[in-house]
There are 4 protein chains.
Amino acid sequence: MQKLGVAILGATGAVGQRFIQLLENHPWFYVAEVIGSSRSAGQPYGEITNWVLDGNVPDSVSHLTVKPLDGNFDSPLIFSALPKEAAETREIELAAAGHIVCTNASANRMVDDFPLLLPEVNHDHIKLIDVQREKRGWKTGAVIANSNCTAMPVVMALAPLRQFGITKIIVVSAQAISGAGYPGVASLDILDNMIPYVSGDEQKLETETLRMLGSYQNEQISWMDAKLSASCNRVPVIDGHLVNVSVELRANPRLNEIIDIWTNFRASAEVANLPSAPEHPLYYMPQIDRPQSRRDRNAGKGMSTSIGRLRECPILGYKFAALSHNTIRGAAGCSILNAELIASSGYIAAFTREKTLSAG
Amino acid sequence: MQKLGVAILGATGAVGQRFIQLLENHPWFYVAEVIGSSRSAGQPYGEITNWVLDGNVPDSVSHLTVKPLDGNFDSPLIFSALPKEAAETREIELAAAGHIVCTNASANRMVDDFPLLLPEVNHDHIKLIDVQREKRGWKTGAVIANSNCTAMPVVMALAPLRQFGITKIIVVSAQAISGAGYPGVASLDILDNMIPYVSGDEQKLETETLRMLGSYQNEQISWMDAKLSASCNRVPVIDGHLVNVSVELRANPRLNEIIDIWTNFRASAEVANLPSAPEHPLYYMPQIDRPQSRRDRNAGKGMSTSIGRLRECPILGYKFAALSHNTIRGAAGCSILNAELIASSGYIAAFTREKTLSAG
Amino acid sequence: MQKLGVAILGATGAVGQRFIQLLENHPWFYVAEVIGSSRSAGQPYGEITNWVLDGNVPDSVSHLTVKPLDGNFDSPLIFSALPKEAAETREIELAAAGHIVCTNASANRMVDDFPLLLPEVNHDHIKLIDVQREKRGWKTGAVIANSNCTAMPVVMALAPLRQFGITKIIVVSAQAISGAGYPGVASLDILDNMIPYVSGDEQKLETETLRMLGSYQNEQISWMDAKLSASCNRVPVIDGHLVNVSVELRANPRLNEIIDIWTNFRASAEVANLPSAPEHPLYYMPQIDRPQSRRDRNAGKGMSTSIGRLRECPILGYKFAALSHNTIRGAAGCSILNAELIASSGYIAAFTREKTLSAG
Amino acid sequence: MQKLGVAILGATGAVGQRFIQLLENHPWFYVAEVIGSSRSAGQPYGEITNWVLDGNVPDSVSHLTVKPLDGNFDSPLIFSALPKEAAETREIELAAAGHIVCTNASANRMVDDFPLLLPEVNHDHIKLIDVQREKRGWKTGAVIANSNCTAMPVVMALAPLRQFGITKIIVVSAQAISGAGYPGVASLDILDNMIPYVSGDEQKLETETLRMLGSYQNEQISWMDAKLSASCNRVPVIDGHLVNVSVELRANPRLNEIIDIWTNFRASAEVANLPSAPEHPLYYMPQIDRPQSRRDRNAGKGMSTSIGRLRECPILGYKFAALSHNTIRGAAGCSILNAELIASSGYIAAFTREKTLSAG
């Protein structure tokens, strides 16, 4: 089978690097184009990039010449790790030019006809691709976003509880430094320290969460009808966003009932067989002191969300801790899973269904 | 003026060392006796102690011979940094033998007739000393406790809001490693990690907070009538417990009104002049990203509580972050402040009121 | 092919856990017996073990019942992660009883007729097995040691330079906390700190290095004739021991010559095909700021040593930095590689050469 | 007594902040002018500065308006915390304009007629002020530098050993993140990591050390005649540069002799009485695992150097560990001590000798 070449916008940054790392040996896609700033354009990726992940730049990408953002790209599928400002109009231009743009940027997440896609949770939101194409006159292009990295463990853990009627959610996050990109958080700011503030994240958490947990109805997303209060903190942890969540439910399930639901939670069939889909989207950990950021962030190759400590909350009824790897599940990994769902759903003309089957 | 010699129980441990450090150059007290385990008894303190604080053992204490816990002590005033199990009966025996025992141990905190004293917040709880002496037939002895270190920033920040009618409190803590003593938290457990569990602390926070914020009535403490939900976490920070708090009030004060109250909060006169009382029990920090554990833990020589980020909570009405130094304000420092209040209130026979005045 | 069941002594400790993790899915061996302290004996491994590595206890080992150290074991091959005191006589008893004991303990490393084996460097030292069997009257048993974890990057980097005549070596180490086991280093001792001392390691480094770099002659090891000065430090890094080395050589090779030798260094054929042998025992990194502890410790699945910054030393002639993963290459991984070499060399009766070939 | 107003160049940066913090309540000097980049000029210091030290901007400086670097300044004494490029010509211009410039920048450290001053070690180098004034035609101005922060513990420890004839020195450093300023080291680069490279520091260490340990002869500095090899590393420590040093001496003193010399080392009388001079420039710590970065960096209010672990080195004869606080003793604190010596030596016209006496 011939793999589909893809392009990475913002390829030299921390999230761009994670895209490249995760696409190394991907069964359907390979990195064909790396796009960077005007400063790096024209130079070999391996030379211009300050690789901040472990190890080195994968050989297959190291020799690629970095292309400028304002050029034309060959790849039908584009992953965007652009900063917000750069993303806003360029992603839409590229979709208008026929590209599928799977973006990790926050700029276009809340646009009404762009899906904020999380395959295990709201894969039917993908239908917004038809809506945006219809509305905007796009034939093959589309913009699909994934959520803020801190919303990820909240949404993953709460998705299967929607059946009980979620009404109130209080989230206090402890976010890893990699969430701020590179150079991101200065070491003088975070060693032996905790910062009770992450710019913009509380507002994103309070909106994106409800949109992702909402339902697709009449060609739009109906947000989940609940109140959410978020307090975001930065901690001296490299990867892994941990949240303490209190939640109020209309129904009154027993604790064990919820634990069983989490333990047995599986993605729908069209999602479960995708290459990047973890076998267990959720793990419930019985140990009293888990999940822990470092020890559990790589569960399911960084794509599983770990939950623990479900207990009664005297105020809202239930409370628990949850953890997702912020740059895998919460960023590049989710974007790739989104692209796999889009490809297998037939939205990428150059990618045939037959490919999916043979590769599965 | 002649200083009062005091004894330290559990003197070789981490909190015991903090007592010794804070009492160095204290205007009223000096360390006359250090009490340790049977293993260390009989040896010079400076030789047997693995000093875990910065610098070295103060010279004035280094040469003292460690005494065994089961001996007799000369000092009328005893500070206890004992572990819970050792503290439970021994503290009461020593009070029965005529000593004032200011304890940092959790064992006797919730005994009905023992004050859980926090001078700026509930200095009238000191009257329980009369109650316990009457009830137990003690002439000069007493047991006075200070709270769990994590309850400290919560109680300090909420105390001046009692006037608005506190009904619900949700607390998520991020606790420093020094809260676990020495050797305490293994470095393999906490470097690049966060642990969403601290043994026993959630239960302590949910009870001690309400007792401390309660009122002295009819020779007993009437707990504050509110619900509290606590989630306790350990973070890779050396000192300083930071809490994210959401709170519901019966009244509906404006945010600025609360900030003004915090800013202008002062201890009552009999407390404000004590040697260890900070000028500002509370600081409200206007910066959007404060208080921070490392940068703000030493405010007021570790005795002030720093508060920041007061904003609306969509669920409970108000939310904010608060920070106290856990081994100073939250442990040894508070215990010493308690002892100063007890001394200046005339409860220690050997310590005359005249001393207080001349030393003030 | 039927795998060979192996036993792990000290299975519940940190190094024991690393053995179990690395043997998961090993092509030749599987963990058949886990041996622990009398406290844990009789209980299921998964329940009694405080798993300190990432993730959880492998399912295949979790249900095994922990056996006591003084019992009899079925496995012909035993890996020892015992503490020094427990190892000294018990390892020899087990070898006398017919077991091959591959030990990570320091107790028996310097025994004259026990090989201190590092397959890429001194695989002919394995002949000491014949020597010890002859001398001690052992038929099938043997004791084979691997070195102190800090000696590893030094020995790996210097081995191919022996041809130039090594005369003087100055090593300053920066050692990860995992080198001290669990609970090991207290977090209060190492967060925001560096400790210029690691008990016993300087002496080990100054002797084991020279023995490993020595040659097998006349049924004994002739140590390399060089002087070594070691200064050992503990740093707040989880895994990975980094050394700064200055070295004096009799010959006067150019820097590029040495870099080429490192880059082209390969194990001999009988070692290179072993399952745990890395393709590149050494990597020379051209970047000016590498190797780095976190980013390079997992090179070659933790079995490669990374070297960088070769430059002239005004005192000894050459200096460089080198890094090995201390609990993989420097402990359990090396011990497993040693066992593979022993098995493929025909020293384990129950393990046939045919197995090796078919599994290769 | 009227204090002398001083100016701080680069006042908003990390070292500039340390100057301001250390000058708070200084008996001779007060901060009268703060000079920043064109971006911050014209704005109140307290508003424009991202204060990275603990606590907050001192009140006395907070309201000062930041002045641009290209303006004129009233203060006869100027402390420079400028980056290298900005420092090179501007410092000389200001000296030519009549100011005494005590600089922490590296730009002008090795200029032949500028003293690289370390009062306890080479206070007679101050005579270069007369040389430079003579040579350059300056009446009241001068440039005086302090050394690279990593050279500090090396020079302080070796200074009293010059009597034994120092011939060879090998230094391996472990440098704190604050040495790189702010934002400086990215947290992603240093958490759970060590970097075996600090740009430029090895070269500085290998030259500045020898110049500082040199002697003033015939209106110039004769460098100490020794070889020095430096390897510089960055570690996840906030403050405190720790060095492992091996040293060869012509004489053959016993270890105890050296320890006695270190223990009894005192500054000469004209230095010992300066306000910032520590009582003990050197501490020799008898504990086997000291000095440690966090626990010992604040010895002597950050102005003392702590030494430990003196033992034989099989290669060079002697080895030990030493530690200095890099932003106090190794930067701003040393610069202030230099200024005190200059002031008390009569080089600042506006500062009378009588002031010194009355303030001492």
# chains A, B, ... in the order shown; residues from 1 in each chain; ligands from 1
>>> interface_residues(of="chain A", to="chain B", cutoff="7 Å", atoms="only C-alpha atoms", output="ChimeraX atom specification")
/A:168,172,192-197,227-229,236-238,289-290,292-294,313-315,321
>>> write_last_selection(atoms="N, CA and C atoms", output="PDB file, in the first residue's frame")
ATOM      1  N   LYS A 168     -23.002  20.067  36.791  1.00  0.00           N
ATOM      2  CA  LYS A 168     -21.971  20.990  37.275  1.00  0.00           C
ATOM      3  C   LYS A 168     -20.617  20.295  37.318  1.00  0.00           C
ATOM      4  N   VAL A 172      -9.804  21.549  38.649  1.00  0.00           N
ATOM      5  CA  VAL A 172      -8.544  22.215  38.993  1.00  0.00           C
ATOM      6  C   VAL A 172      -7.433  21.420  38.313  1.00  0.00           C
ATOM      7  N   ASP A 192      10.951  23.996  41.647  1.00  0.00           N
ATOM      8  CA  ASP A 192      10.544  24.174  43.046  1.00  0.00           C
ATOM      9  C   ASP A 192       9.406  25.178  43.155  1.00  0.00           C
ATOM     10  N   ASN A 193       8.486  25.168  42.220  1.00  0.00           N
ATOM     11  CA  ASN A 193       7.434  26.178  42.210  1.00  0.00           C
ATOM     12  C   ASN A 193       6.165  25.631  41.570  1.00  0.00           C
ATOM     13  N   MET A 194       5.075  26.335  41.821  1.00  0.00           N
ATOM     14  CA  MET A 194       3.801  26.066  41.154  1.00  0.00           C
ATOM     15  C   MET A 194       3.194  27.416  40.850  1.00  0.00           C
ATOM     16  N   ILE A 195       2.626  27.558  39.657  1.00  0.00           N
ATOM     17  CA  ILE A 195       2.048  28.827  39.225  1.00  0.00           C
ATOM     18  C   ILE A 195       0.538  28.631  39.048  1.00  0.00           C
ATOM     19  N   PRO A 196      -0.262  29.391  39.797  1.00  0.00           N
ATOM     20  CA  PRO A 196      -1.706  29.139  39.751  1.00  0.00           C
ATOM     21  C   PRO A 196      -2.385  29.859  38.584  1.00  0.00           C
ATOM     22  N   TYR A 197      -1.779  29.789  37.418  1.00  0.00           N
ATOM     23  CA  TYR A 197      -2.344  30.514  36.278  1.00  0.00           C
ATOM     24  C   TYR A 197      -1.732  29.994  34.992  1.00  0.00           C
ATOM     25  N   LYS A 227     -22.747  23.624  33.807  1.00  0.00           N
ATOM     26  CA  LYS A 227     -21.842  24.703  34.220  1.00  0.00           C
ATOM     27  C   LYS A 227     -20.471  24.126  34.513  1.00  0.00           C
ATOM     28  N   LEU A 228     -19.438  24.856  34.115  1.00  0.00           N
ATOM     29  CA  LEU A 228     -18.081  24.377  34.364  1.00  0.00           C
ATOM     30  C   LEU A 228     -17.231  25.515  34.921  1.00  0.00           C
ATOM     31  N   SER A 229     -16.518  25.228  35.993  1.00  0.00           N
ATOM     32  CA  SER A 229     -15.593  26.193  36.592  1.00  0.00           C
ATOM     33  C   SER A 229     -14.198  25.596  36.569  1.00  0.00           C
ATOM     34  N   PRO A 236       5.872  21.698  37.937  1.00  0.00           N
ATOM     35  CA  PRO A 236       7.150  21.246  37.378  1.00  0.00           C
ATOM     36  C   PRO A 236       7.128  19.775  36.967  1.00  0.00           C
ATOM     37  N   VAL A 237       6.359  19.498  35.953  1.00  0.00           N
ATOM     38  CA  VAL A 237       6.213  18.156  35.385  1.00  0.00           C
ATOM     39  C   VAL A 237       6.435  18.320  33.892  1.00  0.00           C
ATOM     40  N   ILE A 238       7.109  17.393  33.262  1.00  0.00           N
ATOM     41  CA  ILE A 238       7.450  17.554  31.853  1.00  0.00           C
ATOM     42  C   ILE A 238       6.253  17.310  30.941  1.00  0.00           C
ATOM     43  N   ASP A 289      -3.364   6.074  45.065  1.00  0.00           N
ATOM     44  CA  ASP A 289      -2.538   7.257  44.754  1.00  0.00           C
ATOM     45  C   ASP A 289      -2.253   7.411  43.261  1.00  0.00           C
ATOM     46  N   ARG A 290      -3.151   6.973  42.444  1.00  0.00           N
ATOM     47  CA  ARG A 290      -2.971   7.091  41.007  1.00  0.00           C
ATOM     48  C   ARG A 290      -4.200   7.737  40.385  1.00  0.00           C
ATOM     49  N   GLN A 292      -0.718   9.117  38.373  1.00  0.00           N
ATOM     50  CA  GLN A 292       0.374  10.057  38.618  1.00  0.00           C
ATOM     51  C   GLN A 292       0.928  10.517  37.278  1.00  0.00           C
ATOM     52  N   SER A 293       1.339  11.771  37.242  1.00  0.00           N
ATOM     53  CA  SER A 293       1.732  12.381  35.968  1.00  0.00           C
ATOM     54  C   SER A 293       2.791  11.568  35.239  1.00  0.00           C
ATOM     55  N   ARG A 294       3.921  11.324  35.892  1.00  0.00           N
ATOM     56  CA  ARG A 294       5.013  10.669  35.189  1.00  0.00           C
ATOM     57  C   ARG A 294       4.736   9.187  34.946  1.00  0.00           C
ATOM     58  N   CYS A 313     -18.111  13.444  46.695  1.00  0.00           N
ATOM     59  CA  CYS A 313     -17.815  14.843  46.979  1.00  0.00           C
ATOM     60  C   CYS A 313     -18.971  15.405  47.796  1.00  0.00           C
ATOM     61  N   PRO A 314     -18.669  15.934  48.982  1.00  0.00           N
ATOM     62  CA  PRO A 314     -19.763  16.444  49.836  1.00  0.00           C
ATOM     63  C   PRO A 314     -20.540  17.599  49.195  1.00  0.00           C
ATOM     64  N   ILE A 315     -19.945  18.222  48.183  1.00  0.00           N
ATOM     65  CA  ILE A 315     -20.609  19.376  47.567  1.00  0.00           C
ATOM     66  C   ILE A 315     -21.322  18.979  46.268  1.00  0.00           C
ATOM     67  N   ALA A 321      -9.710  11.993  40.044  1.00  0.00           N
ATOM     68  CA  ALA A 321      -8.540  12.559  39.372  1.00  0.00           C
ATOM     69  C   ALA A 321      -8.407  11.903  38.001  1.00  0.00           C
TER      70      ALA A 321
END
>>> residues_around(residues="Pro83 (chain B)", least_positions_apart="4", cutoff="8 Å", atoms="only C-alpha atoms", output="PyMOL selection string")
chain B and resi 10+87+105
>>> write_last_selection(atoms="N, CA and C atoms", output="CSV table (one decimal), in the first residue's frame")
chain,number,residue,atom,x,y,z
B,10,GLY,N,10.5,15.2,69.8
B,10,GLY,CA,10.7,14.9,68.3
B,10,GLY,C,11.7,15.9,67.7
B,87,ALA,N,2.6,10.7,70.0
B,87,ALA,CA,2.1,11.9,70.6
B,87,ALA,C,0.8,11.6,71.5
B,105,ALA,N,1.4,17.7,66.4
B,105,ALA,CA,0.9,16.3,66.0
B,105,ALA,C,-0.6,16.4,65.8
>>> select_by_dssp(residues="region 5-210 of chain A", states="helix (DSSP H, G or I)", output="PyMOL selection string")
chain A and resi 14-23+45-48+59-62+84-96+119-136+151-164+177-180+187-190+201-210
>>> atom_distance(atom1="CA of Met212 (chain A)", atom2="CA of Met224 (chain A)")
8.1 Å
>>> residues_around(residues="Phe79 (chain B)", least_positions_apart="4", cutoff="12 Å", atoms="only C-alpha atoms", output="VMD selection string")
chain B and resid 5 to 11 15 to 20 23 29 to 35 73 75 87 91 94 to 95 99 to 105 142 to 146 331 to 340
>>> atom_distance(atom1="CA of Leu53 (chain A)", atom2="CA of Ala186 (chain A)")
16.8 Å
>>> atom_distance(atom1="CA of Ala350 (chain B)", atom2="CA of Lys3 (chain B)")
10.2 Å
>>> residues_around(residues="Asp260 (chain B)", least_positions_apart="6", cutoff="12 Å", atoms="only C-alpha atoms", output="PDB file with N, CA and C atoms, in the first residue's frame")
ATOM      1  N   PRO B 160     -11.806  35.914  57.472  1.00  0.00           N
ATOM      2  CA  PRO B 160     -12.508  37.210  57.412  1.00  0.00           C
ATOM      3  C   PRO B 160     -13.764  37.184  56.544  1.00  0.00           C
ATOM      4  N   LEU B 161     -14.028  36.058  55.868  1.00  0.00           N
ATOM      5  CA  LEU B 161     -15.249  35.967  55.055  1.00  0.00           C
ATOM      6  C   LEU B 161     -16.410  35.328  55.821  1.00  0.00           C
ATOM      7  N   PRO B 253     -21.066  39.606  48.329  1.00  0.00           N
ATOM      8  CA  PRO B 253     -20.127  40.737  48.268  1.00  0.00           C
ATOM      9  C   PRO B 253     -19.495  40.858  46.888  1.00  0.00           C
ATOM     10  N   ARG B 254     -19.130  42.110  46.532  1.00  0.00           N
ATOM     11  CA  ARG B 254     -18.379  42.304  45.298  1.00  0.00           C
ATOM     12  C   ARG B 254     -16.946  41.795  45.495  1.00  0.00           C
ATOM     13  N   ARG B 266      -6.218  42.497  60.005  1.00  0.00           N
ATOM     14  CA  ARG B 266      -5.157  42.528  61.011  1.00  0.00           C
ATOM     15  C   ARG B 266      -5.578  41.675  62.208  1.00  0.00           C
ATOM     16  N   LEU B 282      -2.452  38.402  56.095  1.00  0.00           N
ATOM     17  CA  LEU B 282      -2.847  38.106  54.713  1.00  0.00           C
ATOM     18  C   LEU B 282      -2.277  39.153  53.766  1.00  0.00           C
ATOM     19  N   TYR B 283      -1.804  38.695  52.613  1.00  0.00           N
ATOM     20  CA  TYR B 283      -1.469  39.584  51.505  1.00  0.00           C
ATOM     21  C   TYR B 283      -2.376  39.231  50.334  1.00  0.00           C
ATOM     22  N   TYR B 284      -3.006  40.206  49.729  1.00  0.00           N
ATOM     23  CA  TYR B 284      -3.677  39.932  48.463  1.00  0.00           C
ATOM     24  C   TYR B 284      -2.766  40.427  47.353  1.00  0.00           C
ATOM     25  N   MET B 285      -2.395  39.532  46.441  1.00  0.00           N
ATOM     26  CA  MET B 285      -1.453  39.872  45.381  1.00  0.00           C
ATOM     27  C   MET B 285      -2.216  40.209  44.108  1.00  0.00           C
ATOM     28  N   PRO B 286      -1.971  41.391  43.541  1.00  0.00           N
ATOM     29  CA  PRO B 286      -2.745  41.785  42.362  1.00  0.00           C
ATOM     30  C   PRO B 286      -2.283  41.102  41.066  1.00  0.00           C
ATOM     31  N   LEU B 310      -8.616  36.196  42.952  1.00  0.00           N
ATOM     32  CA  LEU B 310     -10.039  36.148  43.296  1.00  0.00           C
ATOM     33  C   LEU B 310     -10.861  36.453  42.052  1.00  0.00           C
TER      34      LEU B 310
END
